[in-house]
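This report concerns only the one structure given below.
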There are 2 protein chains.
Amino acid sequence: MADTPLDLTLDAARLTAQLVDFPSESGKEKSLADAIEAALRDLPHLAVDRYGNNVVARTRLGRQERVILAGHIDTVPIAGNVPSRLDEDGALWGCGTCDMKSGVAVQLRIAATVPEPNRDLTFVFYDNEEVEAHLNGLGHVVDAHPDWLEGDFAVLLEPSDGQVEGGCQGTLRVELGTRGERAHSARSWMGSNAIHAAAPVLARLAAYEPRYPVIDGLEYREGLNAVRISGGVAGNVIPDECVVTVNFRYAPDRTEEEAIAHVHDVFADCGVEEFTVVDHSGGALPGLSHPAAAAFIEAVGGIPQPKYGWTDVSRFSALGVPAVNYGPGNPHLAHKRDERVETAKILAGEERLRAWLTS
Amino acid sequence: MADTPLDLTLDAARLTAQLVDFPSESGKEKSLADAIEAALRDLPHLAVDRYGNNVVARTRLGRQERVILAGHIDTVPIAGNVPSRLDEDGALWGCGTCDMKSGVAVQLRIAATVPEPNRDLTFVFYDNEEVEAHLNGLGHVVDAHPDWLEGDFAVLLEPSDGQVEGGCQGTLRVELGTRGERAHSARSWMGSNAIHAAAPVLARLAAYEPRYPVIDGLEYREGLNAVRISGGVAGNVIPDECVVTVNFRYAPDRTEEEAIAHVHDVFADCGVEEFTVVDHSGGALPGLSHPAAAAFIEAVGGIPQPKYGWTDVSRFSALGVPAVNYGPGNPHLAHKRDERVETAKILAGEERLRAWLTS
C-alpha cells in the first residue's frame, strides 16, 4: 500500500492498518513522511513544516496554551509480520501496530477532525527513534528548529497501554576501571591483581540501597547495577585491568550532573582508577502539576504511573516542556514478532484526546 | 644443517649450535629425532628405544641406582632467529638455544662420553613440550612404556640458569559461577544481579593469605588468583551469569584432591552456584632428601631453589621418581626473539654432570 495517499477519514483503527501496511523501518521513512506531509497539507487549519523526514504541523488559533502531540513513524525491522491482520477478537497484528503506528493514527485523526481545538496544537512526526540516539529525528528538530517545538505540555503517543506515564528516568552508564600489574600467575607476588582490586566495587554495588522518590505523586525507583564486567589476560597471567560497567537508572529529580556526581561519590573510596561516562540520557520530570497536564489527566482518566525506562519525553523536558507518554499499545508487545494492538484501545485513545481538546 | 648427522665429538656448546640449526618446532621434530636416534645407536653401551618421535637410551650396567636425564627436542616457532649466531662475548643466539637445545646437547655429550657411569643412566628425548599438554611426548611415553622411565632420580635439563630447582608447584584452574535473573535495567528489582553476587568471591580472593610452606628445605609460595572474570548481557540488562576463573598455584605437599578441596572450602560460603575444574596439573615434591639427589646437589653445587612454575618434573614425580630442573639456559630468555645462552654455562653444566656421574 506504500505510495498511496493516506485516508484520514478512516477511524484510527483502520488508519493504523493503513500505516502498518506502509513499511517504514528506521532509515526508510521517506515515503511515509511524504504521505503524512501530503495528507496534512490538505488540512487548511494547519501550517506544515518539514525537516528531513520529520514533519511538524501547527494550528495558529492564538490559544492561551499550546499542546504537542508527538510520535515516531519508524519501526524496528519487519519480521514477516507485514501486511497487518485483524483477528476476530479485534486485535490488529503486525510490525508497528503497537510501537507506534496506532499512536500516529490517533495523532493524524485529531489533526484531521479537530480543526478548532481548545488549545493550540502542534503535531510532530519524526524518524529514526528505534536506532542510535544521534540519528533520532526529534533530536534533529530540537537542534535545527527548536521554535517548532514550543509548547506548554507534550503527549508522546508511545505505547503505555492507555495509561498516562509521567516523565521518565535518566540512564547513565559508567565504566569503572581498576588497575594492577601483570605477572606470571606462578609468581603472583611479583604483580598485583586488578580483578581482586574490583572487590570493593562489587561489594558497594551489592550493598547499594536505591531511592524510591515520589515526584508529582509518582513513585520512581532508582537502580544502580553492574551490566558488564571483564578482566583477564590469559589463564596464567595476573590481570592488570578490570572494568565494571554500571548503569544508573535515576529519578528525574536529579540533573545529569548530579547523577554523575552521585555515582562518583558511591565509588569514591573503592580504588577505582578510571571513571568514564560512556552513555548518558537525562530524565524528565512528570510535570503533572502543570494546568494543561492536570486537565489532560482529568480528561483521559486513570492513575498516572511513573515511567522507568527512558523515552523521548526527556527531549521535551530538556526544552522546558513537561511531557507524558500516553499511547494505546501495550509496551510489552513492542518489538516482538507477534506485535499487536487492541483496536478498541486505539479508538478509546482517539476519543479521550478529542474529549480533552474539545471540552 | 637439517638431515646431517649429529657430531657428538663436538663440545656441548658447539653441539648446541648444531642442534639449533636443525629446526624442530613443535610437531616438526621427526628429522631431529631421527638424527638423535642414529647418533645414539652408534654408541654400543646404550640400548635405544623409540616411540613416535621420542627416543630413550639406557645403560645396562647393573648399578644400584638409575638416573634419568631428560629433555624436550621441540622449540616454539622460529622468529627469524635461526641459524644460530655466536657473539664476541660467547653468547649463542637463536631459537632453542636456551629452551632447551643447550640442555639436550649436555644430555648427548654425557651419553657419548660417559660409557661407564657410576649410576645407570636413562636418556629421554621427547617432542611437543611447548604445546598442549595432551600432545606432550613424555606423557605419551609415560602412558605407553612406563618401564622405560624407571629410575631413582631424574634431572630435567630445562633452563634453570645453572641452578638446581626442586620439584614444582601444582596449578589448578576453577570456574566459579554465580547466577541471577535477567531483567531490564530500568526495572532492576524484577531480576537479580549475578555480577553483584560475585562480590563475596572477589572479597575472599582479595583477603586470601597464601601459605609459604618449606619442603625439603625449599620455601614454596602458593597463590590464589582470579585470572579472568566475565559477565554481562547488554548495557540495559541485569546479568544472570558471572564467571570468575581462579588459578590456584600450590605447593607440592598438597595432593590434587587436597588442592581442589581447599579451593572449594575457600569459597564455600560465597554463593558460588557452579564450581568447575577446567584445568589441573599436580605438583612434584622436590625429593632432595633422596641419596641420589643429595649426591647430585653436592656435585653440582649451589643452593637448590623451589620451582614455582609447572614443568614435566611433575610427570616423573607421578611415576614415583623424584626430579629436579637443572639446565644451562636462563629461563627469562626462553621463548623470546632474542633467546640466547652463555656457552660457558653449557660447558660448566656438562662438566658438573660428568663429575657427578664419574666420581
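Letters A, B, ... go to the chains of the C-alpha cells in the order shown; residues in each chain start at 1; ligands are counted from 1 in the same order.
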Extract, using only C-alpha atoms, all DNA, RNA and protein residues at most 9 Å from Ala203 of chain A, discarding same-chain residues fewer than 3 positions from it, and format them as a PyMOL selection string.
(chain A and resi 198-200+206-208) or (chain B and resi 196-200+202-203)
Same residues, N, CA, C and O atoms, saved as an mmCIF file, in the first residue's frame:
```
data_model
loop_
_atom_site.group_PDB
_atom_site.id
_atom_site.type_symbol
_atom_site.label_atom_id
_atom_site.label_comp_id
_atom_site.auth_asym_id
_atom_site.auth_seq_id
_atom_site.Cartn_x
_atom_site.Cartn_y
_atom_site.Cartn_z
ATOM 1 N N ALA A 198 38.815 -5.001 42.148
ATOM 2 C CA ALA A 198 37.421 -4.629 41.894
ATOM 3 C C ALA A 198 36.488 -5.123 42.995
ATOM 4 O O ALA A 198 35.288 -4.833 42.960
ATOM 5 N N ALA A 199 37.007 -5.856 43.974
ATOM 6 C CA ALA A 199 36.149 -6.393 45.045
ATOM 7 C C ALA A 199 35.348 -5.287 45.744
ATOM 8 O O ALA A 199 34.135 -5.445 45.959
ATOM 9 N N PRO A 200 35.970 -4.147 46.096
ATOM 10 C CA PRO A 200 35.166 -3.109 46.775
ATOM 11 C C PRO A 200 34.062 -2.538 45.883
ATOM 12 O O PRO A 200 33.012 -2.128 46.392
ATOM 13 N N ALA A 206 26.553 -4.397 45.611
ATOM 14 C CA ALA A 206 25.671 -5.366 46.262
ATOM 15 C C ALA A 206 24.954 -4.734 47.454
ATOM 16 O O ALA A 206 23.824 -5.106 47.780
ATOM 17 N N ALA A 207 25.614 -3.771 48.094
ATOM 18 C CA ALA A 207 25.045 -3.157 49.300
ATOM 19 C C ALA A 207 24.225 -1.904 48.998
ATOM 20 O O ALA A 207 23.604 -1.341 49.900
ATOM 21 N N TYR A 208 24.219 -1.470 47.744
ATOM 22 C CA TYR A 208 23.594 -0.187 47.404
ATOM 23 C C TYR A 208 22.091 -0.208 47.690
ATOM 24 O O TYR A 208 21.396 -1.146 47.324
ATOM 25 N N HIS B 196 26.763 -8.709 40.895
ATOM 26 C CA HIS B 196 26.768 -8.326 42.315
ATOM 27 C C HIS B 196 26.966 -9.569 43.190
ATOM 28 O O HIS B 196 27.631 -9.509 44.224
ATOM 29 N N ALA B 197 26.393 -10.689 42.757
ATOM 30 C CA ALA B 197 26.502 -11.924 43.538
ATOM 31 C C ALA B 197 27.935 -12.433 43.619
ATOM 32 O O ALA B 197 28.256 -13.257 44.476
ATOM 33 N N ALA B 198 28.803 -11.932 42.717
ATOM 34 C CA ALA B 198 30.215 -12.353 42.746
ATOM 35 C C ALA B 198 31.035 -11.528 43.738
ATOM 36 O O ALA B 198 32.223 -11.810 43.936
ATOM 37 N N ALA B 199 30.424 -10.540 44.374
ATOM 38 C CA ALA B 199 31.173 -9.692 45.310
ATOM 39 C C ALA B 199 31.881 -10.506 46.402
ATOM 40 O O ALA B 199 33.062 -10.273 46.680
ATOM 41 N N PRO B 200 31.201 -11.476 47.027
ATOM 42 C CA PRO B 200 31.911 -12.232 48.069
ATOM 43 C C PRO B 200 33.094 -13.039 47.527
ATOM 44 O O PRO B 200 34.073 -13.254 48.246
ATOM 45 N N LEU B 202 35.156 -12.118 45.040
ATOM 46 C CA LEU B 202 36.308 -11.213 44.890
ATOM 47 C C LEU B 202 36.829 -10.775 46.255
ATOM 48 O O LEU B 202 38.042 -10.639 46.448
ATOM 49 N N ALA B 203 35.913 -10.564 47.204
ATOM 50 C CA ALA B 203 36.368 -10.158 48.544
ATOM 51 C C ALA B 203 37.228 -11.262 49.159
ATOM 52 O O ALA B 203 38.267 -10.995 49.773
#
```
Report as a Markdown table the residues of chain A within 10 Å of chain B, each with its shortest atom pair and distance in Å (one decimal), using only C-alpha atoms, ordered by chain and increasing residue number.
```
| residue | atom | partner | partner_atom | distance |
| --- | --- | --- | --- | --- |
| A:Gln169 | CA | B:Ala186 | CA | 8.1 |
| A:Gly170 | CA | B:Ala186 | CA | 9.2 |
| A:Thr171 | CA | B:Ala186 | CA | 8.1 |
| A:Arg173 | CA | B:Gly235 | CA | 7.9 |
| A:His184 | CA | B:Gly309 | CA | 8.7 |
| A:Ser185 | CA | B:Asn225 | CA | 7.4 |
| A:Ala186 | CA | B:Gly309 | CA | 5.2 |
| A:Arg187 | CA | B:Tyr308 | CA | 6.7 |
| A:Ser188 | CA | B:Gly223 | CA | 6.4 |
| A:Trp189 | CA | B:Gly223 | CA | 7.9 |
| A:Ser192 | CA | B:Asn225 | CA | 9.7 |
| A:Asn193 | CA | B:Asn225 | CA | 7.4 |
| A:Ala194 | CA | B:Ala226 | CA | 8.9 |
| A:Ile195 | CA | B:Ala226 | CA | 6.4 |
| A:His196 | CA | B:Ala206 | CA | 5.1 |
| A:Ala197 | CA | B:Ala206 | CA | 7.2 |
| A:Ala198 | CA | B:Leu202 | CA | 7.3 |
| A:Ala199 | CA | B:Leu202 | CA | 4.8 |
| A:Pro200 | CA | B:Ala203 | CA | 7.4 |
| A:Val201 | CA | B:Ala199 | CA | 8.1 |
| A:Leu202 | CA | B:Ala199 | CA | 4.8 |
| A:Ala203 | CA | B:Ala199 | CA | 5.1 |
| A:Arg204 | CA | B:Ala199 | CA | 8.6 |
| A:Leu205 | CA | B:His196 | CA | 6.3 |
| A:Ala206 | CA | B:His196 | CA | 5.1 |
| A:Ala207 | CA | B:His196 | CA | 8.9 |
| A:Arg221 | CA | B:Arg187 | CA | 7.9 |
| A:Glu222 | CA | B:Ala186 | CA | 8.0 |
| A:Gly223 | CA | B:Ser188 | CA | 6.4 |
| A:Leu224 | CA | B:Ser188 | CA | 8.4 |
| A:Asn225 | CA | B:Ile238 | CA | 7.2 |
| A:Ala226 | CA | B:Ile195 | CA | 6.4 |
| A:Val227 | CA | B:Gly232 | CA | 5.2 |
| A:Arg228 | CA | B:Gly232 | CA | 4.0 |
| A:Ile229 | CA | B:Gly231 | CA | 5.3 |
| A:Ser230 | CA | B:Ser230 | CA | 4.8 |
| A:Gly231 | CA | B:Ile229 | CA | 5.3 |
| A:Gly232 | CA | B:Arg228 | CA | 4.0 |
| A:Val233 | CA | B:Val227 | CA | 7.1 |
| A:Ala234 | CA | B:Val227 | CA | 6.7 |
| A:Gly235 | CA | B:Val227 | CA | 5.7 |
| A:Asn236 | CA | B:Val227 | CA | 6.9 |
| A:Val237 | CA | B:Val227 | CA | 6.3 |
| A:Ile238 | CA | B:Val227 | CA | 5.9 |
| A:Pro239 | CA | B:Val227 | CA | 6.1 |
| A:Asp240 | CA | B:Val227 | CA | 9.8 |
| A:Cys242 | CA | B:Ile229 | CA | 8.2 |
| A:Val243 | CA | B:Ile229 | CA | 9.7 |
| A:Val244 | CA | B:Ile195 | CA | 9.2 |
| A:Thr245 | CA | B:Gly235 | CA | 8.1 |
| A:Val246 | CA | B:Gly235 | CA | 8.5 |
| A:Asn247 | CA | B:Gly235 | CA | 7.3 |
| A:Phe248 | CA | B:Ser185 | CA | 8.5 |
| A:Arg249 | CA | B:Ala186 | CA | 6.0 |
| A:Tyr250 | CA | B:Ala186 | CA | 8.9 |
| A:Asp279 | CA | B:Gly235 | CA | 9.6 |
| A:Lys307 | CA | B:Ala186 | CA | 9.2 |
| A:Tyr308 | CA | B:Ala186 | CA | 5.5 |
| A:Gly309 | CA | B:Ala186 | CA | 5.2 |
| A:Trp310 | CA | B:Ala186 | CA | 8.0 |
```
Compile the contact shell of segment 316-333 of chain B as number ranges by chain: residues with an atom at most 7 Å away, counting only C-alpha atoms, same-chain residues fewer than 4 positions apart removed.
B: 98-99, 102-103, 151-167, 284-287, 339-341, 345-346, 349
Check segment 234-326 of chain B with DSSP on the backbone and list each residue it calls strand (DSSP E), as a PyMOL selection string.
chain B and resi 237-238+241-250+274-281+305-306+323-325
Go through segment 5-130 of chain A and collect every residue that DSSP, computed from the backbone, puts in helix (DSSP H, G or I); the answer should be as a PyMOL selection string.
chain A and resi 12-20+30-41+97-113
Compile the contact shell of Glu350 of chain B as a ChimeraX atom specification: residues with an atom at most 7 Å away, counting only C-alpha atoms, same-chain residues fewer than 4 positions apart removed.
/B:12,106,346,354
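Taking atom CA of His280 of chain A as the reference point, atom CA of Tyr220 of chain A is found at 18.4 Å.
Atom pair atom CA of Gln18 of chain B / atom CA of Ile110 of chain B: separated by 16.4 Å.
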Counting only C-alpha atoms, closest pick from A:Ala39, A:Leu46, A:Met100, A:Ser84 relative to His335 of chain A is A:Met100
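Neighbours of Phe123 of chain B closer than or equal to 10 Å, with only C-alpha atoms counted and sequence neighbours fewer than 6 positions away skipped, come out as B:Leu40, B:Leu46, B:Val48, B:Val55, B:Val56, B:Ala57, B:Arg58, B:Thr59, B:Val67, B:Ile68, B:Leu69, B:Ala70, B:Gly71, B:Val104, B:Gln107, B:Leu108, B:Ile110, B:Ala111, B:Trp148, B:Leu149, B:Ala154, B:Val155.
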